[in-house]
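**Student:** mmCIF, N, CA, C and O atoms, saved as data-v8.cif, coming up:
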data_entry
loop_
_atom_site.label_atom_id
_atom_site.label_comp_id
_atom_site.auth_asym_id
_atom_site.auth_seq_id
_atom_site.Cartn_x
_atom_site.Cartn_y
_atom_site.Cartn_z
N MET A 25 -6.47 -45.14 -55.83
CA MET A 25 -7.47 -44.29 -55.26
C MET A 25 -8.81 -45.00 -55.33
O MET A 25 -9.16 -45.57 -56.34
N ILE A 26 -9.54 -44.92 -54.26
CA ILE A 26 -10.89 -45.48 -54.20
C ILE A 26 -11.84 -44.34 -53.87
O ILE A 26 -11.60 -43.57 -52.93
N GLU A 27 -12.89 -44.20 -54.66
CA GLU A 27 -13.87 -43.16 -54.42
C GLU A 27 -15.22 -43.81 -54.11
O GLU A 27 -15.64 -44.75 -54.78
N HIS A 28 -15.85 -43.33 -53.05
CA HIS A 28 -17.15 -43.86 -52.66
C HIS A 28 -17.95 -42.75 -51.99
O HIS A 28 -17.50 -42.16 -51.01
N ALA A 29 -19.10 -42.47 -52.54
CA ALA A 29 -20.02 -41.48 -51.97
C ALA A 29 -19.35 -40.12 -51.74
O ALA A 29 -19.54 -39.49 -50.72
N GLY A 30 -18.54 -39.69 -52.71
CA GLY A 30 -17.90 -38.39 -52.60
C GLY A 30 -16.68 -38.34 -51.72
O GLY A 30 -16.08 -37.29 -51.53
N LYS A 31 -16.31 -39.47 -51.15
CA LYS A 31 -15.11 -39.51 -50.30
C LYS A 31 -14.01 -40.28 -51.03
O LYS A 31 -14.28 -41.15 -51.83
N VAL A 32 -12.78 -39.93 -50.73
CA VAL A 32 -11.62 -40.50 -51.42
C VAL A 32 -10.73 -41.22 -50.43
O VAL A 32 -10.50 -40.73 -49.32
N ARG A 33 -10.24 -42.38 -50.83
CA ARG A 33 -9.24 -43.10 -50.03
C ARG A 33 -8.02 -43.32 -50.91
O ARG A 33 -8.12 -43.94 -51.96
N LEU A 34 -6.89 -42.80 -50.48
CA LEU A 34 -5.64 -42.95 -51.20
C LEU A 34 -4.71 -43.88 -50.43
O LEU A 34 -4.74 -43.91 -49.21
N THR A 35 -3.87 -44.59 -51.19
CA THR A 35 -2.82 -45.33 -50.51
C THR A 35 -1.82 -44.32 -49.98
O THR A 35 -1.78 -43.16 -50.41
N GLN A 36 -0.99 -44.74 -49.06
CA GLN A 36 0.02 -43.84 -48.50
C GLN A 36 0.95 -43.35 -49.60
O GLN A 36 1.33 -42.18 -49.63
N ALA A 37 1.32 -44.23 -50.53
CA ALA A 37 2.20 -43.84 -51.63
C ALA A 37 1.54 -42.80 -52.54
O ALA A 37 2.19 -41.83 -52.96
N GLU A 38 0.26 -42.97 -52.85
CA GLU A 38 -0.46 -42.01 -53.68
C GLU A 38 -0.52 -40.65 -53.00
O GLU A 38 -0.28 -39.61 -53.62
N PHE A 39 -0.83 -40.65 -51.71
CA PHE A 39 -0.93 -39.40 -50.96
C PHE A 39 0.41 -38.69 -50.90
O PHE A 39 0.51 -37.49 -51.15
N ARG A 40 1.46 -39.42 -50.62
CA ARG A 40 2.80 -38.80 -50.54
C ARG A 40 3.25 -38.25 -51.89
O ARG A 40 3.89 -37.21 -51.95
N ARG A 41 2.92 -38.96 -52.97
CA ARG A 41 3.27 -38.48 -54.31
C ARG A 41 2.56 -37.15 -54.58
O ARG A 41 3.17 -36.19 -55.06
N LEU A 42 1.27 -37.07 -54.25
CA LEU A 42 0.55 -35.81 -54.42
C LEU A 42 1.11 -34.71 -53.53
O LEU A 42 1.26 -33.56 -53.96
N GLN A 43 1.45 -35.06 -52.30
CA GLN A 43 2.06 -34.07 -51.39
C GLN A 43 3.37 -33.55 -51.98
O GLN A 43 3.61 -32.35 -51.97
N ARG A 44 4.21 -34.45 -52.45
CA ARG A 44 5.52 -34.07 -52.98
C ARG A 44 5.39 -33.15 -54.20
O ARG A 44 6.02 -32.10 -54.28
N HIS A 45 4.53 -33.54 -55.14
CA HIS A 45 4.37 -32.73 -56.35
C HIS A 45 3.71 -31.38 -56.04
O HIS A 45 4.07 -30.37 -56.66
N ASN A 46 2.80 -31.35 -55.10
CA ASN A 46 2.21 -30.08 -54.69
C ASN A 46 3.25 -29.20 -54.01
O ASN A 46 3.31 -27.99 -54.26
N ALA A 47 4.08 -29.78 -53.16
CA ALA A 47 5.12 -29.01 -52.48
C ALA A 47 6.09 -28.40 -53.49
O ALA A 47 6.54 -27.26 -53.32
N GLN A 48 6.41 -29.12 -54.55
CA GLN A 48 7.30 -28.61 -55.60
C GLN A 48 6.70 -27.39 -56.28
O GLN A 48 7.42 -26.55 -56.80
N ARG A 49 5.38 -27.27 -56.28
CA ARG A 49 4.69 -26.14 -56.90
C ARG A 49 4.27 -25.09 -55.88
O ARG A 49 3.62 -24.11 -56.21
N GLY A 50 4.63 -25.30 -54.59
CA GLY A 50 4.35 -24.30 -53.57
C GLY A 50 3.03 -24.46 -52.85
O GLY A 50 2.55 -23.52 -52.22
N TYR A 51 2.41 -25.62 -52.95
CA TYR A 51 1.14 -25.87 -52.27
C TYR A 51 1.33 -26.89 -51.16
O TYR A 51 2.12 -27.82 -51.29
N ALA A 52 0.60 -26.71 -50.08
CA ALA A 52 0.64 -27.66 -48.97
C ALA A 52 -0.64 -28.50 -48.99
O ALA A 52 -1.74 -27.96 -49.06
N VAL A 53 -0.47 -29.82 -48.95
CA VAL A 53 -1.61 -30.74 -48.90
C VAL A 53 -1.46 -31.57 -47.63
O VAL A 53 -0.53 -32.35 -47.50
N ASN A 54 -2.38 -31.37 -46.69
CA ASN A 54 -2.31 -32.11 -45.43
C ASN A 54 -3.26 -33.29 -45.38
O ASN A 54 -2.96 -34.31 -44.79
N THR A 55 -4.42 -33.12 -45.98
CA THR A 55 -5.40 -34.21 -46.03
C THR A 55 -6.15 -34.14 -47.35
O THR A 55 -6.29 -33.08 -47.95
N ILE A 56 -6.62 -35.30 -47.78
CA ILE A 56 -7.50 -35.39 -48.94
C ILE A 56 -8.61 -36.36 -48.56
O ILE A 56 -8.37 -37.56 -48.44
N LYS A 57 -9.78 -35.80 -48.34
CA LYS A 57 -10.91 -36.64 -47.91
C LYS A 57 -12.04 -36.67 -48.93
O LYS A 57 -12.79 -37.63 -48.97
N THR A 58 -12.17 -35.62 -49.72
CA THR A 58 -13.28 -35.56 -50.67
C THR A 58 -12.76 -35.55 -52.11
O THR A 58 -11.58 -35.27 -52.35
N THR A 59 -13.66 -35.81 -53.04
CA THR A 59 -13.26 -35.78 -54.44
C THR A 59 -12.84 -34.37 -54.86
O THR A 59 -11.94 -34.20 -55.67
N ALA A 60 -13.47 -33.35 -54.29
CA ALA A 60 -13.10 -31.97 -54.60
C ALA A 60 -11.67 -31.67 -54.13
O ALA A 60 -10.90 -31.03 -54.85
N GLU A 61 -11.30 -32.14 -52.95
CA GLU A 61 -9.93 -31.96 -52.45
C GLU A 61 -8.94 -32.72 -53.33
O GLU A 61 -7.84 -32.24 -53.61
N TYR A 62 -9.33 -33.92 -53.76
CA TYR A 62 -8.46 -34.72 -54.63
C TYR A 62 -8.27 -34.01 -55.97
O TYR A 62 -7.14 -33.90 -56.46
N ASP A 63 -9.36 -33.52 -56.56
CA ASP A 63 -9.26 -32.82 -57.84
C ASP A 63 -8.35 -31.60 -57.73
O ASP A 63 -7.50 -31.37 -58.60
N ALA A 64 -8.51 -30.83 -56.67
CA ALA A 64 -7.68 -29.63 -56.48
C ALA A 64 -6.21 -30.01 -56.32
O ALA A 64 -5.34 -29.40 -56.94
N ALA A 65 -5.92 -31.03 -55.53
CA ALA A 65 -4.53 -31.47 -55.33
C ALA A 65 -3.94 -31.98 -56.62
O ALA A 65 -2.75 -31.75 -56.92
N LEU A 66 -4.73 -32.68 -57.42
CA LEU A 66 -4.25 -33.22 -58.68
C LEU A 66 -3.90 -32.11 -59.67
O LEU A 66 -2.83 -32.13 -60.29
N VAL A 67 -4.76 -31.12 -59.78
CA VAL A 67 -4.51 -29.99 -60.70
C VAL A 67 -3.31 -29.18 -60.21
O VAL A 67 -2.45 -28.79 -61.01
N GLN A 68 -3.24 -28.91 -58.92
CA GLN A 68 -2.12 -28.14 -58.37
C GLN A 68 -0.79 -28.85 -58.58
O GLN A 68 0.25 -28.20 -58.69
N ALA A 69 -0.80 -30.16 -58.64
CA ALA A 69 0.43 -30.94 -58.81
C ALA A 69 0.97 -30.90 -60.24
O ALA A 69 2.13 -31.20 -60.47
N CYS A 70 0.12 -30.52 -61.18
CA CYS A 70 0.51 -30.52 -62.60
C CYS A 70 1.33 -29.28 -62.95
O CYS A 70 1.09 -28.19 -62.43
N ALA A 71 2.24 -29.47 -63.88
CA ALA A 71 3.04 -28.36 -64.38
C ALA A 71 2.14 -27.40 -65.16
O ALA A 71 1.25 -27.84 -65.89
N PRO A 72 2.37 -26.09 -65.04
CA PRO A 72 1.55 -25.11 -65.76
C PRO A 72 1.55 -25.34 -67.27
O PRO A 72 0.51 -25.17 -67.92
N ALA A 73 2.68 -25.74 -67.84
CA ALA A 73 2.73 -26.00 -69.29
C ALA A 73 1.83 -27.16 -69.67
O ALA A 73 1.17 -27.14 -70.72
N PHE A 74 1.77 -28.18 -68.83
CA PHE A 74 0.88 -29.31 -69.09
C PHE A 74 -0.58 -28.89 -69.00
O PHE A 74 -1.40 -29.28 -69.83
N LEU A 75 -0.91 -28.08 -68.00
CA LEU A 75 -2.29 -27.61 -67.85
C LEU A 75 -2.71 -26.75 -69.04
O LEU A 75 -3.85 -26.85 -69.51
N ALA A 76 -1.80 -25.92 -69.54
CA ALA A 76 -2.10 -25.10 -70.72
C ALA A 76 -2.36 -25.98 -71.93
O ALA A 76 -3.30 -25.74 -72.70
N ASP A 77 -1.56 -27.02 -72.10
CA ASP A 77 -1.75 -27.95 -73.21
C ASP A 77 -3.08 -28.70 -73.06
O ASP A 77 -3.82 -28.88 -74.03
N LEU A 78 -3.38 -29.13 -71.86
CA LEU A 78 -4.64 -29.83 -71.58
C LEU A 78 -5.84 -28.92 -71.87
O LEU A 78 -6.82 -29.35 -72.51
N LEU A 79 -5.77 -27.68 -71.44
CA LEU A 79 -6.85 -26.73 -71.69
C LEU A 79 -7.04 -26.52 -73.19
O LEU A 79 -8.17 -26.50 -73.69
N GLN A 80 -5.94 -26.39 -73.92
CA GLN A 80 -6.03 -26.24 -75.37
C GLN A 80 -6.70 -27.45 -76.00
O GLN A 80 -7.56 -27.33 -76.88
N ALA A 81 -6.34 -28.64 -75.54
CA ALA A 81 -6.94 -29.87 -76.06
C ALA A 81 -8.44 -29.92 -75.76
O ALA A 81 -9.24 -30.34 -76.61
N LEU A 82 -8.83 -29.49 -74.57
CA LEU A 82 -10.24 -29.50 -74.21
C LEU A 82 -11.04 -28.47 -75.01
O LEU A 82 -12.19 -28.72 -75.38
N GLU A 83 -10.43 -27.33 -75.29
CA GLU A 83 -11.13 -26.26 -76.00
C GLU A 83 -11.19 -26.49 -77.51
O GLU A 83 -12.18 -26.16 -78.15
N THR A 84 -10.12 -27.05 -78.08
CA THR A 84 -10.03 -27.17 -79.54
C THR A 84 -10.09 -28.60 -80.05
O THR A 84 -10.21 -28.82 -81.24
N GLY A 85 -9.93 -29.55 -79.15
CA GLY A 85 -9.93 -30.95 -79.56
C GLY A 85 -8.55 -31.49 -79.88
O GLY A 85 -8.39 -32.67 -80.17
N THR A 86 -7.55 -30.62 -79.83
CA THR A 86 -6.19 -31.07 -80.10
C THR A 86 -5.19 -30.12 -79.44
O THR A 86 -5.54 -29.03 -78.99
N SER A 87 -3.95 -30.58 -79.36
CA SER A 87 -2.86 -29.78 -78.78
C SER A 87 -1.55 -30.39 -79.25
O SER A 87 -1.53 -31.49 -79.79
N PRO A 88 -0.44 -29.69 -79.05
CA PRO A 88 0.84 -30.25 -79.47
C PRO A 88 1.13 -31.63 -78.85
O PRO A 88 1.61 -32.54 -79.53
N LEU A 89 0.78 -31.80 -77.58
CA LEU A 89 1.02 -33.09 -76.93
C LEU A 89 0.12 -34.17 -77.51
O LEU A 89 0.56 -35.29 -77.77
N VAL A 90 -1.14 -33.84 -77.75
CA VAL A 90 -2.09 -34.80 -78.33
C VAL A 90 -1.65 -35.20 -79.73
O VAL A 90 -1.73 -36.37 -80.10
N ARG A 91 -1.20 -34.23 -80.52
CA ARG A 91 -0.77 -34.51 -81.90
C ARG A 91 0.57 -35.24 -81.96
O ARG A 91 0.98 -35.69 -83.01
N GLY A 92 1.27 -35.31 -80.84
CA GLY A 92 2.57 -35.98 -80.81
C GLY A 92 3.71 -35.12 -81.31
O GLY A 92 4.79 -35.64 -81.62
N GLU A 93 3.48 -33.83 -81.39
CA GLU A 93 4.52 -32.91 -81.85
C GLU A 93 5.61 -32.69 -80.81
O GLU A 93 6.73 -32.34 -81.15
N VAL A 94 5.25 -32.87 -79.55
CA VAL A 94 6.20 -32.73 -78.44
C VAL A 94 5.96 -33.87 -77.46
O VAL A 94 4.89 -34.44 -77.39
N THR A 95 6.99 -34.16 -76.70
CA THR A 95 6.85 -35.11 -75.59
C THR A 95 6.53 -34.31 -74.33
O THR A 95 6.66 -33.08 -74.32
N TYR A 96 6.14 -35.00 -73.29
CA TYR A 96 5.86 -34.32 -72.03
C TYR A 96 7.09 -33.56 -71.55
O TYR A 96 7.00 -32.42 -71.10
N GLU A 97 8.25 -34.20 -71.66
CA GLU A 97 9.50 -33.56 -71.21
C GLU A 97 9.80 -32.31 -72.02
O GLU A 97 10.22 -31.29 -71.48
N GLN A 98 9.58 -32.36 -73.35
CA GLN A 98 9.81 -31.18 -74.18
C GLN A 98 8.81 -30.08 -73.83
O GLN A 98 9.18 -28.90 -73.84
N LEU A 99 7.59 -30.45 -73.55
CA LEU A 99 6.57 -29.47 -73.20
C LEU A 99 6.98 -28.70 -71.95
O LEU A 99 6.80 -27.49 -71.86
N LEU A 100 7.57 -29.39 -70.98
CA LEU A 100 7.97 -28.75 -69.73
C LEU A 100 9.19 -27.85 -69.91
O LEU A 100 9.36 -26.89 -69.16
N LYS A 101 10.04 -28.14 -70.89
CA LYS A 101 11.25 -27.35 -71.10
C LYS A 101 10.95 -26.01 -71.78
O LYS A 101 11.65 -25.05 -71.60
N ASP A 102 9.90 -25.97 -72.60
CA ASP A 102 9.60 -24.75 -73.38
C ASP A 102 8.98 -23.68 -72.56
O ASP A 102 8.52 -23.62 -71.58
#
Here is a file; write its structure as structure tokens.
**Tutor:**
Amino acid sequence: MIEHAGKVRLTQAEFRRLQRHNAQRGYAVNTIKTTAEYDAALVQACAPAFLADLLQALETGTSPLVRGEVTYEQLLKD
């Protein structure tokens, strides 16, 4: 990804990966031109369990994933 003056340029592989992961979560991504669109697509592509862990880490400074108590795969299974 290349960002310049608030605009984003993705390789075709990067864009398709974001499209695929968003589609798995029920979101449609047709274009990504700005950093705001990229940020939204990136968050939408993440598993809810990962986002909850990330939010906990941001709020408290730690989380099960940060502490190494679980792997990413285990986090998604719970």
**Student:** Determine, counting all atoms listed in the file, which protein, DNA and RNA residues have an atom within 8 Å of an atom of Glu27 in chain A; residues of the same chain fewer than 6 positions away are not included. Present the result as a list in words.
**Tutor:**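 Within the cut-off, the hits are Arg33, Leu34, Lys57 and Thr59 of chain A.
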**Student:** When you look at Ala65 in chain A with a cut-off of 8 Å (counting all atoms listed in the file), what residues show up, excluding the ones that are within fewer than 3 positions of it in the same chain? I need them as a PyMOL selection string.
**Tutor:** chain A and resi 41-43+45-46+52-53+55+58-62+68-70
**Student:** Expressed in Å to a single decimal, how great is the separation between atom O of Gly92 in chain A and atom N of Arg49 in chain A?
**Tutor:** 26.7 Å
**Student:** Using atom O of Arg91 in chain A and atom N of Leu66 in chain A as the two end points, give the distance in Å to one decimal.
**Tutor:**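 Computing it gives 26.4 Å between the two atoms.
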**Student:** Spell out the residues picked by the PyMOL selection byres (((chain A and resi 74 and name CA) around 12) and name CA) here, as a list of chain:residue names.
**Tutor:** A:Val67, A:Gln68, A:Ala69, A:Cys70, A:Ala71, A:Pro72, A:Ala73, A:Leu75, A:Ala76, A:Asp77, A:Leu78, A:Leu79, A:Gln80, A:Ala81, A:Ser87, A:Pro88, A:Leu89, A:Val90, A:Val94, A:Thr95, A:Tyr96, A:Glu97, A:Gln98, A:Leu99, A:Leu100, A:Lys101, A:Asp102
**Student:** Measure the distance from atom N of Ala47 in chain A to atom N of Lys31 in chain A in Å and round it to one decimal.
**Tutor:**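 Result for atom N of Ala47 in chain A versus atom N of Lys31 in chain A: 22.7 Å, one decimal.
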**Student:** Pull the helix (DSSP H, G or I) assignments for chain A out of DSSP run on the backbone, and list those residues as number ranges by chain.
**Tutor:** A: 36-48, 59-69, 72-84, 88-91, 96-101
**Student:** Could you give me, as a ChimeraX atom specification, each residue of chain A that DSSP assigns to strand (DSSP E or B) when run on this structure's backbone?
**Tutor:** /A:26-28,31-33,58
**Student:** Restrict the selected residues to N, CA, C and O atoms and save them as an mmCIF file, in the frame of the given file.
**Tutor:**
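Just written: out-v8.cif:
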data_model
loop_
_atom_site.group_PDB
_atom_site.id
_atom_site.type_symbol
_atom_site.label_atom_id
_atom_site.label_comp_id
_atom_site.auth_asym_id
_atom_site.auth_seq_id
_atom_site.Cartn_x
_atom_site.Cartn_y
_atom_site.Cartn_z
ATOM 1 N N ILE A 26 -9.540 -44.920 -54.260
ATOM 2 C CA ILE A 26 -10.890 -45.480 -54.200
ATOM 3 C C ILE A 26 -11.840 -44.340 -53.870
ATOM 4 O O ILE A 26 -11.600 -43.570 -52.930
ATOM 5 N N GLU A 27 -12.890 -44.200 -54.660
ATOM 6 C CA GLU A 27 -13.870 -43.160 -54.420
ATOM 7 C C GLU A 27 -15.220 -43.810 -54.110
ATOM 8 O O GLU A 27 -15.640 -44.750 -54.780
ATOM 9 N N HIS A 28 -15.850 -43.330 -53.050
ATOM 10 C CA HIS A 28 -17.150 -43.860 -52.660
ATOM 11 C C HIS A 28 -17.950 -42.750 -51.990
ATOM 12 O O HIS A 28 -17.500 -42.160 -51.010
ATOM 13 N N LYS A 31 -16.310 -39.470 -51.150
ATOM 14 C CA LYS A 31 -15.110 -39.510 -50.300
ATOM 15 C C LYS A 31 -14.010 -40.280 -51.030
ATOM 16 O O LYS A 31 -14.280 -41.150 -51.830
ATOM 17 N N VAL A 32 -12.780 -39.930 -50.730
ATOM 18 C CA VAL A 32 -11.620 -40.500 -51.420
ATOM 19 C C VAL A 32 -10.730 -41.220 -50.430
ATOM 20 O O VAL A 32 -10.500 -40.730 -49.320
ATOM 21 N N ARG A 33 -10.240 -42.380 -50.830
ATOM 22 C CA ARG A 33 -9.240 -43.100 -50.030
ATOM 23 C C ARG A 33 -8.020 -43.320 -50.910
ATOM 24 O O ARG A 33 -8.120 -43.940 -51.960
ATOM 25 N N THR A 58 -12.170 -35.620 -49.720
ATOM 26 C CA THR A 58 -13.280 -35.560 -50.670
ATOM 27 C C THR A 58 -12.760 -35.550 -52.110
ATOM 28 O O THR A 58 -11.580 -35.270 -52.350
#
